[in-house]
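Q: Sharing run.cif, mmCIF, C-alpha atoms:
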```cif
data_work
#
loop_
_atom_site.label_atom_id
_atom_site.label_comp_id
_atom_site.auth_asym_id
_atom_site.auth_seq_id
_atom_site.Cartn_x
_atom_site.Cartn_y
_atom_site.Cartn_z
CA MET A 729 20.77 65.59 -28.60
CA LYS A 730 19.02 62.31 -29.31
CA ALA A 731 18.77 60.14 -26.21
CA LYS A 732 20.84 56.96 -26.28
CA GLN A 733 18.70 53.92 -26.99
CA ILE A 734 18.75 51.30 -24.22
CA GLN A 735 19.26 47.72 -25.39
CA SER A 736 18.23 44.48 -23.68
CA VAL A 737 20.80 42.88 -21.38
CA LYS A 738 23.29 40.65 -23.21
CA GLY A 739 21.97 37.11 -23.38
CA MET A 740 18.39 38.12 -22.49
CA HIS A 741 15.73 38.18 -25.17
CA ASP A 742 12.21 39.43 -25.83
CA ILE A 743 9.43 36.99 -26.70
CA LEU A 744 7.48 38.87 -29.37
CA PRO A 745 3.75 38.44 -30.13
CA GLU A 746 4.39 36.36 -33.26
CA ASP A 747 6.32 33.80 -31.18
CA GLN A 748 3.81 33.53 -28.35
CA LYS A 749 1.84 30.83 -30.16
CA TYR A 750 4.92 28.55 -29.93
CA TRP A 751 5.27 29.17 -26.20
CA ARG A 752 1.59 28.50 -25.53
CA TYR A 753 1.70 25.38 -27.70
CA VAL A 754 4.74 23.89 -25.92
CA GLN A 755 3.34 24.67 -22.47
CA LYS A 756 -0.11 23.31 -23.31
CA LYS A 757 1.32 20.03 -24.68
CA ALA A 758 3.57 19.66 -21.61
CA GLU A 759 0.74 20.37 -19.16
CA GLN A 760 -1.67 17.95 -20.85
CA LEU A 761 0.81 15.07 -20.96
CA LEU A 762 2.35 15.52 -17.51
CA GLU A 763 -0.93 16.02 -15.68
CA TYR A 764 -2.38 12.94 -17.38
CA TYR A 765 0.52 10.96 -15.90
CA GLY A 766 -0.09 12.35 -12.41
CA PHE A 767 2.41 15.24 -12.19
CA GLU A 768 1.35 18.38 -10.34
CA ARG A 769 2.55 21.86 -11.25
CA MET A 770 4.43 24.01 -8.75
CA SER A 771 6.65 27.10 -8.81
CA THR A 772 9.70 28.15 -6.81
CA PRO A 773 11.14 31.66 -6.33
CA VAL A 774 13.53 33.08 -8.91
CA LEU A 775 15.95 33.90 -6.07
CA GLU A 776 17.39 31.26 -3.73
CA GLN A 777 20.20 31.14 -1.19
CA ALA A 778 23.42 30.74 -3.22
CA GLU A 779 24.48 27.98 -0.83
CA LEU A 780 21.69 25.78 -2.22
CA PHE A 781 23.40 25.54 -5.61
CA ILE A 782 26.93 25.36 -4.20
CA ARG A 783 25.91 22.32 -2.13
CA SER A 784 23.88 20.65 -4.89
CA ALA A 785 25.80 21.39 -8.10
CA GLY A 786 29.15 21.06 -6.35
CA GLU A 787 32.26 23.20 -6.02
CA GLY A 788 34.16 23.16 -9.31
CA SER A 789 31.04 22.74 -11.45
CA ASP A 790 30.61 25.14 -14.37
CA ILE A 791 27.37 26.41 -12.81
CA VAL A 792 29.04 27.40 -9.53
CA ASP A 793 32.40 28.53 -10.93
CA LYS A 794 31.31 30.38 -14.08
CA GLU A 795 27.58 30.66 -14.66
CA ILE A 796 25.72 31.50 -11.47
CA TYR A 797 24.35 35.05 -10.98
CA THR A 798 24.84 36.07 -7.34
CA LEU A 799 24.00 39.21 -5.39
CA LYS A 800 24.44 40.49 -1.87
CA THR A 801 21.36 41.79 -0.07
CA LYS A 802 21.38 44.79 2.27
CA GLY A 803 21.11 42.28 5.11
CA GLY A 804 24.30 40.54 3.98
CA ASP A 805 22.74 37.39 2.49
CA THR A 806 24.25 35.94 -0.69
CA LEU A 807 21.45 35.06 -3.10
CA ALA A 808 21.50 33.51 -6.56
CA LEU A 809 19.22 33.72 -9.57
CA ARG A 810 17.98 30.17 -10.11
CA PRO A 811 20.35 28.44 -12.62
CA GLU A 812 18.48 25.11 -12.53
CA ALA A 813 15.28 23.81 -10.96
CA THR A 814 16.01 20.46 -9.28
CA ALA A 815 17.73 21.83 -6.18
CA PRO A 816 14.94 24.42 -5.56
CA VAL A 817 12.31 21.68 -5.94
CA VAL A 818 14.12 19.56 -3.35
CA ARG A 819 14.44 22.58 -1.06
CA ALA A 820 10.68 23.23 -1.40
CA TYR A 821 9.93 19.52 -0.87
CA LEU A 822 11.81 19.56 2.44
CA GLU A 823 10.77 23.02 3.63
CA ASN A 824 7.04 22.49 2.99
CA GLY A 825 6.80 19.04 4.53
CA MET A 826 6.08 17.31 1.24
CA ASN A 827 8.03 14.32 2.55
CA VAL A 828 4.90 13.25 4.49
CA ARG A 829 2.79 13.05 1.33
CA PRO A 830 2.11 9.71 -0.36
CA HIS A 831 5.12 8.82 -2.50
CA PRO A 832 6.22 9.13 -5.18
CA VAL A 833 5.67 12.89 -5.23
CA LYS A 834 5.44 13.86 -8.92
CA LEU A 835 6.03 17.53 -9.73
CA TYR A 836 6.68 19.77 -12.72
CA LEU A 837 7.62 23.41 -13.27
CA ILE A 838 7.63 25.75 -16.26
CA GLU A 839 9.93 28.57 -15.17
CA PRO A 840 12.79 30.89 -16.25
CA MET A 841 16.39 30.02 -15.31
CA PHE A 842 19.52 32.20 -15.38
CA ARG A 843 23.12 31.36 -16.26
CA HIS A 844 25.95 33.72 -17.10
CA ASP A 845 26.84 31.69 -20.17
CA GLU A 846 28.14 32.67 -23.61
CA PRO A 847 25.02 33.40 -25.71
CA GLN A 848 24.61 31.23 -28.82
CA ALA A 849 21.76 30.07 -31.04
CA GLY A 850 19.21 28.51 -28.69
CA ARG A 851 21.27 29.43 -25.62
CA TYR A 852 20.47 32.51 -23.54
CA ARG A 853 21.40 33.89 -20.14
CA GLN A 854 17.73 33.94 -19.24
CA PHE A 855 16.10 30.81 -20.59
CA HIS A 856 12.98 28.79 -19.82
CA GLN A 857 12.60 25.14 -18.90
CA VAL A 858 9.97 22.51 -18.34
CA ASN A 859 11.27 20.52 -15.35
CA VAL A 860 9.85 17.16 -14.27
CA GLU A 861 10.71 15.49 -10.96
CA THR A 862 9.66 12.17 -9.36
CA ILE A 863 10.62 11.96 -5.68
CA GLY A 864 10.51 8.89 -3.45
CA ASP A 865 10.76 5.91 -5.81
CA ALA A 866 13.99 4.04 -6.58
CA SER A 867 12.38 1.77 -9.17
CA GLU A 868 13.82 1.36 -12.66
CA ALA A 869 10.25 1.92 -13.87
CA VAL A 870 10.51 5.59 -12.81
CA ASP A 871 13.61 6.13 -14.96
CA ALA A 872 11.87 4.49 -17.92
CA GLU A 873 8.64 6.44 -17.38
CA LEU A 874 10.53 9.75 -17.37
CA ILE A 875 12.37 8.87 -20.59
CA PHE A 876 9.10 7.66 -22.14
CA LEU A 877 7.34 10.93 -21.21
CA GLY A 878 10.17 13.00 -22.68
CA TYR A 879 9.99 10.95 -25.88
CA LYS A 880 6.21 11.38 -26.14
CA LEU A 881 6.37 15.11 -25.39
CA LEU A 882 8.88 15.80 -28.18
CA GLU A 883 6.90 13.54 -30.50
CA SER A 884 3.70 15.50 -29.73
CA LEU A 885 5.56 18.71 -30.63
CA GLY A 886 6.40 17.36 -34.08
CA LEU A 887 10.05 16.58 -33.25
CA GLU A 888 10.86 13.05 -34.33
CA ASN A 889 14.45 13.10 -35.65
CA PHE A 890 16.36 12.84 -32.38
CA ASN A 891 18.43 10.25 -30.53
CA VAL A 892 17.80 9.15 -26.95
CA GLN A 893 21.30 8.68 -25.52
CA ILE A 894 21.54 6.83 -22.22
CA ASN A 895 24.21 5.71 -19.78
CA SER A 896 24.69 4.71 -16.15
CA ILE A 897 27.27 6.52 -14.02
CA GLY A 898 26.87 4.13 -11.09
CA ASP A 899 26.67 5.26 -7.49
CA GLN A 900 28.92 5.95 -4.50
CA ASN A 901 29.73 2.25 -4.18
CA CYS A 902 31.13 1.57 -7.64
CA ARG A 903 31.99 5.00 -9.04
CA PRO A 904 35.21 5.60 -7.01
CA ALA A 905 37.00 2.74 -8.80
CA TYR A 906 35.94 4.18 -12.14
CA LEU A 907 37.11 7.70 -11.22
CA LYS A 908 40.53 6.29 -10.27
CA ALA A 909 40.78 4.47 -13.61
CA LEU A 910 39.74 7.66 -15.41
CA LYS A 911 42.38 9.71 -13.60
CA ASP A 912 45.06 7.18 -14.45
CA TYR A 913 43.98 7.25 -18.10
CA PHE A 914 44.04 11.06 -18.44
CA LYS A 915 47.27 11.44 -16.45
CA ASN A 916 49.28 10.46 -19.53
CA ARG A 917 47.15 12.65 -21.81
CA SER A 918 47.03 15.84 -19.75
CA LYS A 919 48.94 17.83 -22.39
CA LYS A 920 46.01 17.41 -24.80
CA LEU A 921 43.48 18.75 -22.29
CA CYS A 922 42.16 22.31 -22.25
CA ALA A 923 42.88 24.55 -19.23
CA ASP A 924 39.46 23.83 -17.68
CA CYS A 925 39.93 20.07 -17.96
CA LYS A 926 43.36 20.26 -16.34
CA VAL A 927 41.55 21.71 -13.32
CA ARG A 928 38.83 19.04 -13.65
CA MET A 929 41.53 16.38 -13.41
CA LYS A 930 41.94 17.38 -9.76
CA GLU A 931 38.38 18.40 -8.87
CA ASN A 932 36.04 16.14 -10.89
CA VAL A 933 37.66 14.05 -13.60
CA LEU A 934 34.25 12.78 -14.79
CA ARG A 935 33.49 16.20 -16.28
CA ILE A 936 36.32 15.84 -18.80
CA LEU A 937 34.06 13.42 -20.69
CA ASP A 938 31.53 16.24 -21.10
CA CYS A 939 34.01 18.78 -22.51
CA LYS A 940 33.27 20.00 -26.04
CA GLU A 941 36.83 21.10 -26.86
CA GLU A 942 38.19 19.05 -29.78
CA GLY A 943 41.48 18.20 -28.00
CA CYS A 944 39.63 16.87 -24.96
CA LYS A 945 37.18 14.89 -27.10
CA GLU A 946 40.13 13.32 -28.92
CA ALA A 947 41.89 12.50 -25.64
CA ALA A 948 38.74 10.83 -24.27
CA LYS A 949 38.13 8.53 -27.24
CA GLU A 950 39.58 5.43 -25.60
CA ALA A 951 38.82 6.31 -21.98
CA PRO A 952 37.53 3.57 -19.63
CA GLN A 953 33.76 3.08 -19.67
CA MET A 954 31.63 3.24 -16.53
CA VAL A 955 29.57 0.24 -17.60
CA ASP A 956 32.65 -1.95 -17.01
CA PHE A 957 32.83 -0.77 -13.38
CA LEU A 958 29.16 -1.04 -12.36
CA ASP A 959 28.50 -3.25 -9.35
CA GLU A 960 25.74 -5.89 -9.51
CA SER A 961 23.04 -3.58 -8.12
CA CYS A 962 23.74 -0.73 -10.56
CA ARG A 963 24.18 -3.13 -13.46
CA LEU A 964 20.78 -4.76 -12.81
CA HIS A 965 19.12 -1.37 -12.37
CA PHE A 966 20.45 -0.21 -15.74
CA LYS A 967 19.53 -3.51 -17.43
CA HIS A 968 15.95 -3.24 -16.20
CA VAL A 969 15.65 0.39 -17.38
CA LEU A 970 16.67 -0.72 -20.87
CA GLU A 971 14.19 -3.60 -20.76
CA PHE A 972 11.38 -1.19 -19.85
CA LEU A 973 12.34 1.06 -22.78
CA ASP A 974 12.44 -1.92 -25.15
CA GLU A 975 8.94 -2.90 -24.04
CA ALA A 976 7.69 0.69 -24.49
CA LYS A 977 9.31 0.78 -27.95
CA VAL A 978 11.45 3.83 -27.13
CA PRO A 979 14.60 3.63 -29.31
CA TYR A 980 17.85 4.56 -27.57
CA ILE A 981 21.61 4.64 -28.09
CA LEU A 982 24.00 3.48 -25.38
CA ASN A 983 26.55 6.26 -24.95
CA PRO A 984 29.27 5.02 -22.55
CA TYR A 985 30.81 8.51 -22.27
CA LEU A 986 27.60 10.39 -21.49
CA VAL A 987 27.88 12.31 -18.21
CA ARG A 988 25.93 15.16 -16.64
CA GLY A 989 27.42 18.45 -15.46
CA LEU A 990 26.06 18.32 -11.90
CA ASP A 991 27.44 16.37 -8.93
CA TYR A 992 24.11 15.04 -7.70
CA TYR A 993 23.42 12.54 -10.51
CA THR A 994 23.59 8.77 -9.85
CA ARG A 995 22.91 5.71 -11.97
CA THR A 996 20.71 6.42 -15.03
CA ILE A 997 21.39 9.58 -17.06
CA PHE A 998 20.07 10.50 -20.49
CA GLU A 999 19.97 13.18 -23.18
CA PHE A 1000 17.76 13.69 -26.22
CA VAL A 1001 19.87 15.05 -29.09
CA PRO A 1002 18.68 15.94 -32.63
CA ASP A 1003 20.09 13.90 -35.53
CA GLU A 1004 21.34 17.25 -36.83
CA PRO A 1005 21.90 20.37 -34.71
CA PRO A 1006 19.70 23.40 -35.49
CA ALA A 1007 21.08 25.68 -38.22
CA GLY A 1008 23.47 28.22 -36.73
CA GLY A 1009 23.73 26.25 -33.46
CA ALA A 1010 26.70 24.21 -32.33
CA ALA A 1011 26.09 20.50 -31.77
CA SER A 1012 27.14 20.99 -28.15
CA GLN A 1013 24.19 23.36 -27.65
CA SER A 1014 21.54 21.29 -29.41
CA THR A 1015 20.48 18.96 -26.57
CA LEU A 1016 16.70 19.15 -26.31
CA LEU A 1017 16.09 17.25 -23.07
CA ALA A 1018 18.40 15.94 -20.37
CA GLY A 1019 18.14 14.39 -16.95
CA GLY A 1020 18.69 11.38 -14.77
CA ARG A 1021 18.51 9.92 -11.29
CA TYR A 1022 19.70 11.85 -8.21
CA ASP A 1023 19.26 9.51 -5.24
CA ARG A 1024 21.60 11.37 -2.86
CA LEU A 1025 20.56 15.02 -3.38
CA ILE A 1026 17.76 15.14 -0.80
CA GLU A 1027 20.06 13.69 1.88
CA GLN A 1028 22.76 16.12 0.73
CA LEU A 1029 20.38 19.05 1.37
CA GLY A 1030 19.41 17.93 4.87
CA GLY A 1031 16.59 15.44 4.33
CA ALA A 1032 16.33 11.69 4.85
CA LYS A 1033 17.81 9.39 2.24
CA THR A 1034 15.25 9.59 -0.58
CA PRO A 1035 15.56 8.41 -4.19
CA ALA A 1036 14.54 10.78 -7.00
CA ALA A 1037 14.85 11.34 -10.72
CA GLY A 1038 13.89 13.99 -13.25
CA TRP A 1039 14.60 15.88 -16.46
CA ALA A 1040 14.41 19.31 -18.06
CA ILE A 1041 13.82 20.65 -21.54
CA GLY A 1042 14.88 24.09 -22.74
CA ILE A 1043 11.83 25.75 -24.29
CA GLU A 1044 13.91 28.10 -26.47
CA ARG A 1045 15.78 25.15 -27.97
CA ILE A 1046 12.54 23.24 -28.53
CA ILE A 1047 11.01 26.19 -30.38
CA LEU A 1048 14.19 26.65 -32.44
CA ALA A 1049 14.05 22.98 -33.43
CA MET A 1050 10.33 23.25 -34.25
CA LYS A 1051 11.01 26.20 -36.55
CA GLU A 1052 13.88 24.35 -38.20
CA LYS A 1053 11.55 21.42 -38.90
CA ASP A 1054 8.78 23.80 -40.00
CA VAL A 1055 6.36 22.27 -37.49
CA HIS A 1056 2.85 23.63 -37.96
CA VAL A 1057 1.64 25.41 -34.83
CA PRO A 1058 -1.99 26.57 -34.79
CA GLU A 1059 -2.71 30.19 -34.02
CA SER A 1060 -3.37 30.55 -30.32
CA GLY A 1061 -6.72 31.68 -29.03
CA PRO A 1062 -10.20 31.31 -30.52
CA LYS A 1063 -10.82 32.63 -34.03
CA PRO A 1064 -12.82 35.91 -34.00
CA LYS A 1065 -16.33 35.76 -35.43
CA VAL A 1066 -17.21 39.47 -35.30
CA PHE A 1067 -15.39 42.72 -36.05
CA LEU A 1068 -16.75 45.96 -34.64
CA VAL A 1069 -16.34 48.90 -37.04
CA GLN A 1070 -16.96 52.23 -35.29
CA LEU A 1071 -17.02 55.71 -36.87
CA GLY A 1072 -17.03 58.89 -34.78
CA GLU A 1073 -16.76 59.89 -31.13
CA ALA A 1074 -20.17 58.72 -29.87
CA PRO A 1075 -19.82 55.20 -31.35
CA LYS A 1076 -16.30 54.92 -29.91
CA ARG A 1077 -17.59 55.78 -26.44
CA LYS A 1078 -20.37 53.18 -26.72
CA ALA A 1079 -18.15 50.55 -28.36
CA LEU A 1080 -16.45 49.28 -25.19
CA PRO A 1081 -19.69 48.29 -23.36
CA LEU A 1082 -20.90 46.63 -26.59
CA PHE A 1083 -17.59 44.80 -26.94
CA GLU A 1084 -17.92 43.58 -23.34
CA SER A 1085 -21.43 42.26 -24.07
CA PHE A 1086 -19.98 40.00 -26.76
CA ARG A 1087 -17.26 38.79 -24.39
CA LYS A 1088 -19.84 37.86 -21.73
CA ALA A 1089 -21.87 36.02 -24.38
CA GLY A 1090 -18.81 33.94 -25.29
CA ILE A 1091 -18.53 35.40 -28.81
CA GLU A 1092 -14.96 36.23 -29.86
CA ALA A 1093 -14.90 39.78 -31.25
CA LYS A 1094 -12.20 42.16 -32.46
CA SER A 1095 -12.08 45.90 -33.11
CA SER A 1096 -9.73 48.78 -33.86
CA LEU A 1097 -10.99 51.66 -31.75
CA GLY A 1098 -8.30 54.10 -32.84
CA ARG A 1099 -9.11 53.96 -36.57
CA ASP A 1100 -11.66 56.24 -38.25
CA SER A 1101 -11.60 54.89 -41.81
CA ILE A 1102 -14.32 52.34 -42.59
CA LYS A 1103 -12.19 50.95 -45.44
CA SER A 1104 -9.17 50.27 -43.23
CA GLN A 1105 -11.34 48.64 -40.57
CA LEU A 1106 -13.10 46.41 -43.10
CA ARG A 1107 -9.70 45.40 -44.49
CA ILE A 1108 -8.76 44.20 -41.00
CA ALA A 1109 -12.09 42.32 -40.78
CA HIS A 1110 -11.33 40.60 -44.12
CA ARG A 1111 -7.82 39.68 -42.96
CA LEU A 1112 -9.22 38.16 -39.75
CA ASP A 1113 -11.76 36.22 -41.85
CA VAL A 1114 -14.68 37.08 -39.52
CA ARG A 1115 -18.27 36.07 -40.30
CA PHE A 1116 -19.78 39.45 -39.51
CA ALA A 1117 -18.78 43.11 -39.37
CA LEU A 1118 -20.82 45.41 -37.15
CA ILE A 1119 -20.83 48.98 -38.49
CA PHE A 1120 -21.56 51.53 -35.80
CA GLY A 1121 -21.62 55.18 -36.89
CA GLN A 1122 -22.93 58.49 -35.53
CA LYS A 1123 -26.38 57.92 -37.06
CA GLU A 1124 -26.65 54.42 -35.58
CA ALA A 1125 -25.48 55.67 -32.16
CA LEU A 1126 -28.26 58.28 -32.14
CA GLU A 1127 -30.93 55.82 -33.30
CA GLY A 1128 -29.85 52.95 -31.04
CA THR A 1129 -29.16 50.64 -33.98
CA ILE A 1130 -26.19 48.94 -35.63
CA ILE A 1131 -25.51 47.61 -39.15
CA LEU A 1132 -24.87 43.87 -39.39
CA ARG A 1133 -22.78 43.02 -42.48
CA ASP A 1134 -22.31 39.44 -43.69
CA MET A 1135 -18.69 39.36 -44.83
CA ASP A 1136 -19.26 36.56 -47.34
CA SER A 1137 -22.31 37.96 -49.14
CA SER A 1138 -21.76 41.67 -48.30
CA ILE A 1139 -25.48 41.86 -47.40
CA GLN A 1140 -26.18 44.48 -44.72
CA GLU A 1141 -29.18 45.06 -42.48
CA THR A 1142 -29.93 47.34 -39.57
CA ILE A 1143 -30.55 45.69 -36.18
CA PRO A 1144 -31.64 47.31 -32.87
CA LEU A 1145 -28.57 47.68 -30.66
CA GLU A 1146 -30.10 45.82 -27.69
CA LYS A 1147 -30.80 42.76 -29.88
CA ILE A 1148 -27.48 42.54 -31.74
CA VAL A 1149 -25.75 40.04 -29.40
CA ASP A 1150 -28.66 37.59 -29.53
CA GLU A 1151 -28.98 38.04 -33.32
CA VAL A 1152 -25.28 37.32 -33.91
CA LYS A 1153 -25.42 34.30 -31.58
CA LYS A 1154 -28.46 32.92 -33.51
CA ARG A 1155 -26.79 33.38 -36.89
CA LEU A 1156 -23.54 31.80 -35.78
CA LYS A 1157 -25.46 28.67 -34.76
CA ALA A 1158 -27.31 28.52 -38.11
#
```
Translate the structure of the given file into structure tokens.
A:
Amino acid sequence: MKAKQIQSVKGMHDILPEDQKYWRYVQKKAEQLLEYYGFERMSTPVLEQAELFIRSAGEGSDIVDKEIYTLKTKGGDTLALRPEATAPVVRAYLENGMNVRPHPVKLYLIEPMFRHDEPQAGRYRQFHQVNVETIGDASEAVDAELIFLGYKLLESLGLENFNVQINSIGDQNCRPAYLKALKDYFKNRSKKLCADCKVRMKENVLRILDCKEEGCKEAAKEAPQMVDFLDESCRLHFKHVLEFLDEAKVPYILNPYLVRGLDYYTRTIFEFVPDEPPAGGAASQSTLLAGGRYDRLIEQLGGAKTPAAGWAIGIERIILAMKEKDVHVPESGPKPKVFLVQLGEAPKRKALPLFESFRKAGIEAKSSLGRDSIKSQLRIAHRLDVRFALIFGQKEALEGTIILRDMDSSIQETIPLEKIVDEVKKRLKA
């Protein structure tokens, strides 16, 4: 009987060779921009104590209630696959004594995350993010810098047709009055709410504004706006953020109903949303970049009161948007200059040391050691558009020579094997 074929886990996906150029391109652009602006790369473990996310994201959040992958170890610990990066960064900041470094501490990660979510276009259960965090600065300039960097990163990736949506959700001083007003508003509209939002009414009414169900969106249309409840400090903070963005010429849309799905956010929050969602993807899943300020999270996780802010982009969604916009991405890696054609057992055995000689000389070379047909190998050389083909047969292996073929003129000449690297290097410079 034919063995049953094993499929990938639902919601997980392979990144095939033809897509790797997109991944390298996005990572390279992110690294160049962020490191120029003083951010340092770090990594955190894929597994964390589950308590970290329960304390940071909050009981009743979608991450904790529905999406988190947890497991019990043999020692009885409850661990979780990392569903988001901010809480692990804060944990690492505290655990590794980064609080004694000069502030702000500016960090970024490019890592996989895991959420047991319903797979859709651009949305997977294992997905990858670029995360950016600035710790230790409460200034409005930090919020504006982060939004500016997100704008410039997407622009550098060829994505220009998106909206920067921004809002302030206040802080612990002014938000309680808003939450009370929101509860009073939805109390008379509870019949229109989905089952999840009826629970949110009791646990975190703010999250109703983030629900994508049509009935809930309709019920929220005339809900109170947080901007009307901001105290003087939060109002001035938000005003100054907008002034910084105006000066930096970053266009934005004030969205009074924008909220974030995690408990730790305070004051400025923002999302970058395409003018049109990617084909085959719901508008609710099209957000390219999202983040905000989280001034209470470090204290919440056992540290001193420390302001912080950050954002994340989903790399899969970015690549999907780039493909939709037909963004040109250059082939990754240097273009090969030489193709080694080998014919017979002796040349194949000697081909690897010769190939290594070209690598050490900094000359990009390609070969197809498993093929025996000179025609098929030369076809590959033509497809790669190399300058030279090196033909190495049984006769050449015995004589210690190799045939150098100019692929443009088809002129061939025999060169001593020990001189071939220097000869190719000289001709490439000519």
Q: Using all atoms listed in the file, which protein or nucleic acid residues come within 7 Å of segment 1075-1089 of chain A? Drop anything in the same chain fewer than 3 positions from it, and give the result as JSON, numbers by chain.
A: {"A": [1070, 1071, 1072, 1092, 1093, 1097, 1120, 1121, 1122, 1125, 1149]}
Q: Quick one: everything within 12 Å of Glu971 of chain A, counting all atoms listed in the file, minus sequence neighbours fewer than 6 positions away in the same chain. Send it as a ChimeraX atom specification.
A: /A:868-869,871-873,964-965,977-980
Q: Print the selection's residues with C-alpha atoms to a file, as a short mmCIF file (atom, residue, chain, number, x, y, z; two decimals), keeping the file's coordinate frame.
A:
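Generated file (again09.cif):
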```cif
data_model
loop_
_atom_site.label_atom_id
_atom_site.label_comp_id
_atom_site.auth_asym_id
_atom_site.auth_seq_id
_atom_site.Cartn_x
_atom_site.Cartn_y
_atom_site.Cartn_z
CA GLU A 868 13.82 1.36 -12.66
CA ALA A 869 10.25 1.92 -13.87
CA ASP A 871 13.61 6.13 -14.96
CA ALA A 872 11.87 4.49 -17.92
CA GLU A 873 8.64 6.44 -17.38
CA LEU A 964 20.78 -4.76 -12.81
CA HIS A 965 19.12 -1.37 -12.37
CA LYS A 977 9.31 0.78 -27.95
CA VAL A 978 11.45 3.83 -27.13
CA PRO A 979 14.60 3.63 -29.31
CA TYR A 980 17.85 4.56 -27.57
#
```
Q: Suppose you want the space between atom CA of Val870 of chain A and atom CA of Thr994 of chain A; what is it in Å?
A: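 Separation of atom CA of Val870 of chain A and atom CA of Thr994 of chain A: 13.8 Å.
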Q: Give me, please, the distance in Å between atom CA of Leu762 of chain A and atom CA of Glu823 of chain A, quoted to one decimal.
A: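 Atom-to-atom, atom CA of Leu762 of chain A to atom CA of Glu823 of chain A, that is 24.0 Å.
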Q: When distances are computed from only C-alpha atoms, which of A:Ser1138, A:Ser918, A:Ser867, A:Gln748 shows the smallest separation from Ala1036 of chain A?
A: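 Of A:Ser1138, A:Ser918, A:Ser867, A:Gln748, the one nearest Ala1036 of chain A is A:Ser867, counting only C-alpha atoms.
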Q: Name the residues that the PyMOL selection byres ((chain A and resi 847-864) around 7) pulls out of this structure, and write them as a VMD selection string.
A: chain A and resid 739 to 740 813 831 to 846 865 to 866 1008 to 1009 1034 to 1045 1048
Q: Tell me which residues the PyMOL selection byres ((chain A and resi 952) around 7) grabs here, as a PDB file with C-alpha atoms, keeping the file's coordinate frame.
A:
```pdb
ATOM      1  CA  ALA A 909      40.780   4.470 -13.610  1.00  0.00           C
ATOM      2  CA  LEU A 910      39.740   7.660 -15.410  1.00  0.00           C
ATOM      3  CA  GLU A 950      39.580   5.430 -25.600  1.00  0.00           C
ATOM      4  CA  ALA A 951      38.820   6.310 -21.980  1.00  0.00           C
ATOM      5  CA  GLN A 953      33.760   3.080 -19.670  1.00  0.00           C
ATOM      6  CA  MET A 954      31.630   3.240 -16.530  1.00  0.00           C
TER       7      MET A 954
END
```
Q: Between atom CA of Lys908 of chain A and atom CA of Val933 of chain A, what is the distance, to one decimal in Å?
A: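 Atom CA of Lys908 of chain A sits 8.9 Å away from atom CA of Val933 of chain A.
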Q: Which of these, A:Lys1051, A:His1110, A:Arg903, A:His741, has the shortest distance to Leu934 of chain A once you count all atoms listed in the file?
A: A:Arg903
Q: Each side padded by 3 Å, which centre and which edge lengths in Å (one decimal) define the axis-aligned box around the listed atoms of segment 802-814 of chain A? Give them as JSON.
A:
```
{"center_x": 19.8, "center_y": 32.6, "center_z": -3.8, "size_x": 15.0, "size_y": 30.3, "size_z": 23.7}
```
Q: Considering all atoms listed in the file, can you say which of A:Glu1059, A:Glu1146, A:Asp1113, A:Asp742 comes closest to Glu1127 of chain A?
A: A:Glu1146
Q: Could you list as a PyMOL selection string every residue that has an atom within 12 Å of (7.8, 13.0, -24.7), using the file's coordinates and counting all atoms listed in the file?
A: chain A and resi 754+757-762+765+858+860+872-888+890+892+978+1000+1016-1018+1039-1041+1046
Q: What would the selection look like, as a list in words, if the PyMOL selection byres ((chain A and resi 1028) around 12) were run on the coordinates I just shared?
A: Leu780, Phe781, Ile782, Arg783, Ser784, Ala785, Gly786, Ala815, Val818, Arg819, Leu822, Asp991, Tyr992, Tyr993, Tyr1022, Asp1023, Arg1024, Leu1025, Ile1026, Glu1027, Leu1029, Gly1030, Gly1031, Ala1032, Lys1033, Thr1034 and Pro1035 of chain A
Q: Please produce an output containing C-alpha atoms for each residue in the selection, written as a short mmCIF file (atom, residue, chain, number, x, y, z; two decimals), keeping the file's coordinate frame.
A:
```cif
data_model
loop_
_atom_site.label_atom_id
_atom_site.label_comp_id
_atom_site.auth_asym_id
_atom_site.auth_seq_id
_atom_site.Cartn_x
_atom_site.Cartn_y
_atom_site.Cartn_z
CA LEU A 780 21.69 25.78 -2.22
CA PHE A 781 23.40 25.54 -5.61
CA ILE A 782 26.93 25.36 -4.20
CA ARG A 783 25.91 22.32 -2.13
CA SER A 784 23.88 20.65 -4.89
CA ALA A 785 25.80 21.39 -8.10
CA GLY A 786 29.15 21.06 -6.35
CA ALA A 815 17.73 21.83 -6.18
CA VAL A 818 14.12 19.56 -3.35
CA ARG A 819 14.44 22.58 -1.06
CA LEU A 822 11.81 19.56 2.44
CA ASP A 991 27.44 16.37 -8.93
CA TYR A 992 24.11 15.04 -7.70
CA TYR A 993 23.42 12.54 -10.51
CA TYR A 1022 19.70 11.85 -8.21
CA ASP A 1023 19.26 9.51 -5.24
CA ARG A 1024 21.60 11.37 -2.86
CA LEU A 1025 20.56 15.02 -3.38
CA ILE A 1026 17.76 15.14 -0.80
CA GLU A 1027 20.06 13.69 1.88
CA LEU A 1029 20.38 19.05 1.37
CA GLY A 1030 19.41 17.93 4.87
CA GLY A 1031 16.59 15.44 4.33
CA ALA A 1032 16.33 11.69 4.85
CA LYS A 1033 17.81 9.39 2.24
CA THR A 1034 15.25 9.59 -0.58
CA PRO A 1035 15.56 8.41 -4.19
#
```
Q: My list of candidates is A:Leu937, A:Val969, A:Ile981, A:Val817. Which is closest to Ser771 of chain A when distances are computed with only C-alpha atoms?
A: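 Answer, going by the shortest atom-to-atom distance: A:Val817.
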Q: Using all atoms listed in the file, can you tell me which of A:Ala1158, A:Tyr985, A:Asn889, A:Asn895 comes closest to Val1001 of chain A?
A: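 Closest to Val1001 of chain A, using all atoms listed in the file: A:Asn889.
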